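**Q** Pasting a structure below so you can have a look.
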Amino acid sequence: MPKRDPAESKSPRRSFRARYDALEQQREDLIVRLGELGEKARANPAHARARKLLNETFRGASLVQRAAILEAASWLITLLDRSITAA
């Protein structure tokens, strides 16, 4: 078996702070998207659930879980947007 250079086998990982900041930026973008949906969306219970995901649930989660929470919130906001435009 040929010798391998250990530097080649490692993939470049972003630092904890970089990943944390990226997730915070995604969260801010989703909060803006949710706010842009307007008054009609606020009457829908999905709006409150998306806001809770982006605030309480996000804050209580670990860094790894936060990515999944943002994905769920994004899906819910997209669903809410489609339901408003279809109605």
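Ligands are numbered from 1 in the order shown, chains are lettered A, B, ... in the order of the structure tokens, and residues start at 1 in each chain.
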Mind checking which residues fall within 10 Å of A:Phe16, counting only C-alpha atoms, ignoring those fewer than 5 positions away in the same chain, and posting them as a PDB file with C-alpha atoms, in the first residue's frame?
**A**
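That gives us result-v9.pdb:
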ATOM      1  CA  ASP A  21     -22.116  32.636  11.930  1.00  0.00           C
ATOM      2  CA  ALA A  22     -23.393  30.990   8.735  1.00  0.00           C
ATOM      3  CA  LEU A  63     -25.025  23.509  16.364  1.00  0.00           C
TER       4      LEU A  63
END
**Q** Quick one: residues within 10 Å of A:Phe58, only C-alpha atoms counted, chain neighbours fewer than 3 positions away excluded, as a PyMOL selection string?
**A** chain A and resi 23-24+27+51-55+61-63+65-70+73
**Q** With N, CA, C and O atoms kept, could you save the residues just selected as a PDB file, in the first residue's frame?
**A**
ATOM      1  N   LEU A  23     -24.983  29.835  10.163  1.00  0.00           N
ATOM      2  CA  LEU A  23     -26.323  29.440  10.601  1.00  0.00           C
ATOM      3  C   LEU A  23     -27.113  30.640  11.106  1.00  0.00           C
ATOM      4  O   LEU A  23     -28.316  30.758  10.855  1.00  0.00           O
ATOM      5  N   GLU A  24     -26.442  31.537  11.824  1.00  0.00           N
ATOM      6  CA  GLU A  24     -27.115  32.751  12.292  1.00  0.00           C
ATOM      7  C   GLU A  24     -27.579  33.609  11.119  1.00  0.00           C
ATOM      8  O   GLU A  24     -28.670  34.180  11.151  1.00  0.00           O
ATOM      9  N   ARG A  27     -30.617  32.052   9.604  1.00  0.00           N
ATOM     10  CA  ARG A  27     -31.757  32.311  10.482  1.00  0.00           C
ATOM     11  C   ARG A  27     -32.303  33.717  10.243  1.00  0.00           C
ATOM     12  O   ARG A  27     -33.517  33.912  10.117  1.00  0.00           O
ATOM     13  N   ARG A  51     -42.101  30.833  13.409  1.00  0.00           N
ATOM     14  CA  ARG A  51     -41.444  31.794  14.296  1.00  0.00           C
ATOM     15  C   ARG A  51     -40.867  31.088  15.523  1.00  0.00           C
ATOM     16  O   ARG A  51     -39.761  31.391  15.971  1.00  0.00           O
ATOM     17  N   LYS A  52     -41.606  30.116  16.056  1.00  0.00           N
ATOM     18  CA  LYS A  52     -41.111  29.372  17.216  1.00  0.00           C
ATOM     19  C   LYS A  52     -39.873  28.551  16.841  1.00  0.00           C
ATOM     20  O   LYS A  52     -38.915  28.472  17.615  1.00  0.00           O
ATOM     21  N   LEU A  53     -39.887  27.944  15.656  1.00  0.00           N
ATOM     22  CA  LEU A  53     -38.710  27.196  15.197  1.00  0.00           C
ATOM     23  C   LEU A  53     -37.494  28.106  15.102  1.00  0.00           C
ATOM     24  O   LEU A  53     -36.386  27.716  15.496  1.00  0.00           O
ATOM     25  N   LEU A  54     -37.700  29.306  14.575  1.00  0.00           N
ATOM     26  CA  LEU A  54     -36.586  30.223  14.354  1.00  0.00           C
ATOM     27  C   LEU A  54     -36.102  30.901  15.629  1.00  0.00           C
ATOM     28  O   LEU A  54     -35.000  31.456  15.646  1.00  0.00           O
ATOM     29  N   ASN A  55     -36.884  30.855  16.688  1.00  0.00           N
ATOM     30  CA  ASN A  55     -36.481  31.514  17.923  1.00  0.00           C
ATOM     31  C   ASN A  55     -36.214  30.505  19.041  1.00  0.00           C
ATOM     32  O   ASN A  55     -35.077  30.153  19.302  1.00  0.00           O
ATOM     33  N   ALA A  61     -31.121  24.476  20.646  1.00  0.00           N
ATOM     34  CA  ALA A  61     -30.533  23.338  19.935  1.00  0.00           C
ATOM     35  C   ALA A  61     -29.016  23.458  19.835  1.00  0.00           C
ATOM     36  O   ALA A  61     -28.454  24.543  19.927  1.00  0.00           O
ATOM     37  N   SER A  62     -28.398  22.302  19.618  1.00  0.00           N
ATOM     38  CA  SER A  62     -26.951  22.292  19.381  1.00  0.00           C
ATOM     39  C   SER A  62     -26.672  22.786  17.965  1.00  0.00           C
ATOM     40  O   SER A  62     -27.589  22.935  17.158  1.00  0.00           O
ATOM     41  N   LEU A  63     -25.415  22.983  17.677  1.00  0.00           N
ATOM     42  CA  LEU A  63     -25.025  23.509  16.364  1.00  0.00           C
ATOM     43  C   LEU A  63     -25.469  22.581  15.237  1.00  0.00           C
ATOM     44  O   LEU A  63     -25.974  23.039  14.209  1.00  0.00           O
ATOM     45  N   GLN A  65     -27.967  20.401  15.293  1.00  0.00           N
ATOM     46  CA  GLN A  65     -29.427  20.409  15.200  1.00  0.00           C
ATOM     47  C   GLN A  65     -29.956  21.684  14.575  1.00  0.00           C
ATOM     48  O   GLN A  65     -31.011  21.683  13.940  1.00  0.00           O
ATOM     49  N   ARG A  66     -29.239  22.771  14.736  1.00  0.00           N
ATOM     50  CA  ARG A  66     -29.695  24.055  14.198  1.00  0.00           C
ATOM     51  C   ARG A  66     -29.837  24.030  12.682  1.00  0.00           C
ATOM     52  O   ARG A  66     -30.760  24.641  12.135  1.00  0.00           O
ATOM     53  N   ALA A  67     -28.962  23.332  11.997  1.00  0.00           N
ATOM     54  CA  ALA A  67     -29.062  23.239  10.536  1.00  0.00           C
ATOM     55  C   ALA A  67     -30.362  22.560  10.131  1.00  0.00           C
ATOM     56  O   ALA A  67     -31.048  23.008   9.201  1.00  0.00           O
ATOM     57  N   ALA A  68     -30.734  21.494  10.832  1.00  0.00           N
ATOM     58  CA  ALA A  68     -31.980  20.791  10.531  1.00  0.00           C
ATOM     59  C   ALA A  68     -33.196  21.654  10.876  1.00  0.00           C
ATOM     60  O   ALA A  68     -34.197  21.647  10.149  1.00  0.00           O
ATOM     61  N   ILE A  69     -33.112  22.414  11.940  1.00  0.00           N
ATOM     62  CA  ILE A  69     -34.214  23.298  12.328  1.00  0.00           C
ATOM     63  C   ILE A  69     -34.418  24.383  11.277  1.00  0.00           C
ATOM     64  O   ILE A  69     -35.558  24.705  10.907  1.00  0.00           O
ATOM     65  N   LEU A  70     -33.335  24.925  10.766  1.00  0.00           N
ATOM     66  CA  LEU A  70     -33.447  25.939   9.717  1.00  0.00           C
ATOM     67  C   LEU A  70     -34.042  25.363   8.441  1.00  0.00           C
ATOM     68  O   LEU A  70     -34.821  26.024   7.759  1.00  0.00           O
ATOM     69  N   ALA A  73     -37.753  25.058   9.083  1.00  0.00           N
ATOM     70  CA  ALA A  73     -38.380  26.380   9.056  1.00  0.00           C
ATOM     71  C   ALA A  73     -38.494  26.901   7.627  1.00  0.00           C
ATOM     72  O   ALA A  73     -39.515  27.485   7.253  1.00  0.00           O
TER      73      ALA A  73
END
**Q** Which neighbours of A:Leu80 fall inside 10 Å, counting only C-alpha atoms, when residues of the same chain fewer than 2 positions from it are skipped, and could you give them as a list in words?
**A**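 Counting only C-alpha atoms, the residues come to Leu34, Leu37, Ala41, Arg42, Asn44, Pro45, Ala46, His47, Ala50, Ser74, Trp75, Leu76, Ile77, Thr78, Arg82, Ser83, Ile84, Thr85 and Ala86 of chain A.
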**Q** Tell me, in Å to one decimal, how far atom CA of A:Glu71 is from atom CA of A:Thr57.
**A**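 Computing the Euclidean distance for atom CA of A:Glu71 and atom CA of A:Thr57 yields 12.6 Å.
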**Q** Which of chain A end up as alpha helix (DSSP H) when DSSP is run on this backbone - answer as a ChimeraX atom specification?
**A** /A:6-9,16-35,39-42,45-52,58-60,63-86
**Q** Please indicate the distance in Å from atom CA of A:Ser15 to atom CA of A:Glu28, rounded to one decimal place.
**A** 20.2 Å
**Q** If you measure from atom CA of A:Ala48 to atom CA of A:Asp81, what distance in Å do you get, rounded to one decimal?
**A**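 Atom-to-atom, atom CA of A:Ala48 and atom CA of A:Asp81 are spaced 13.6 Å apart.
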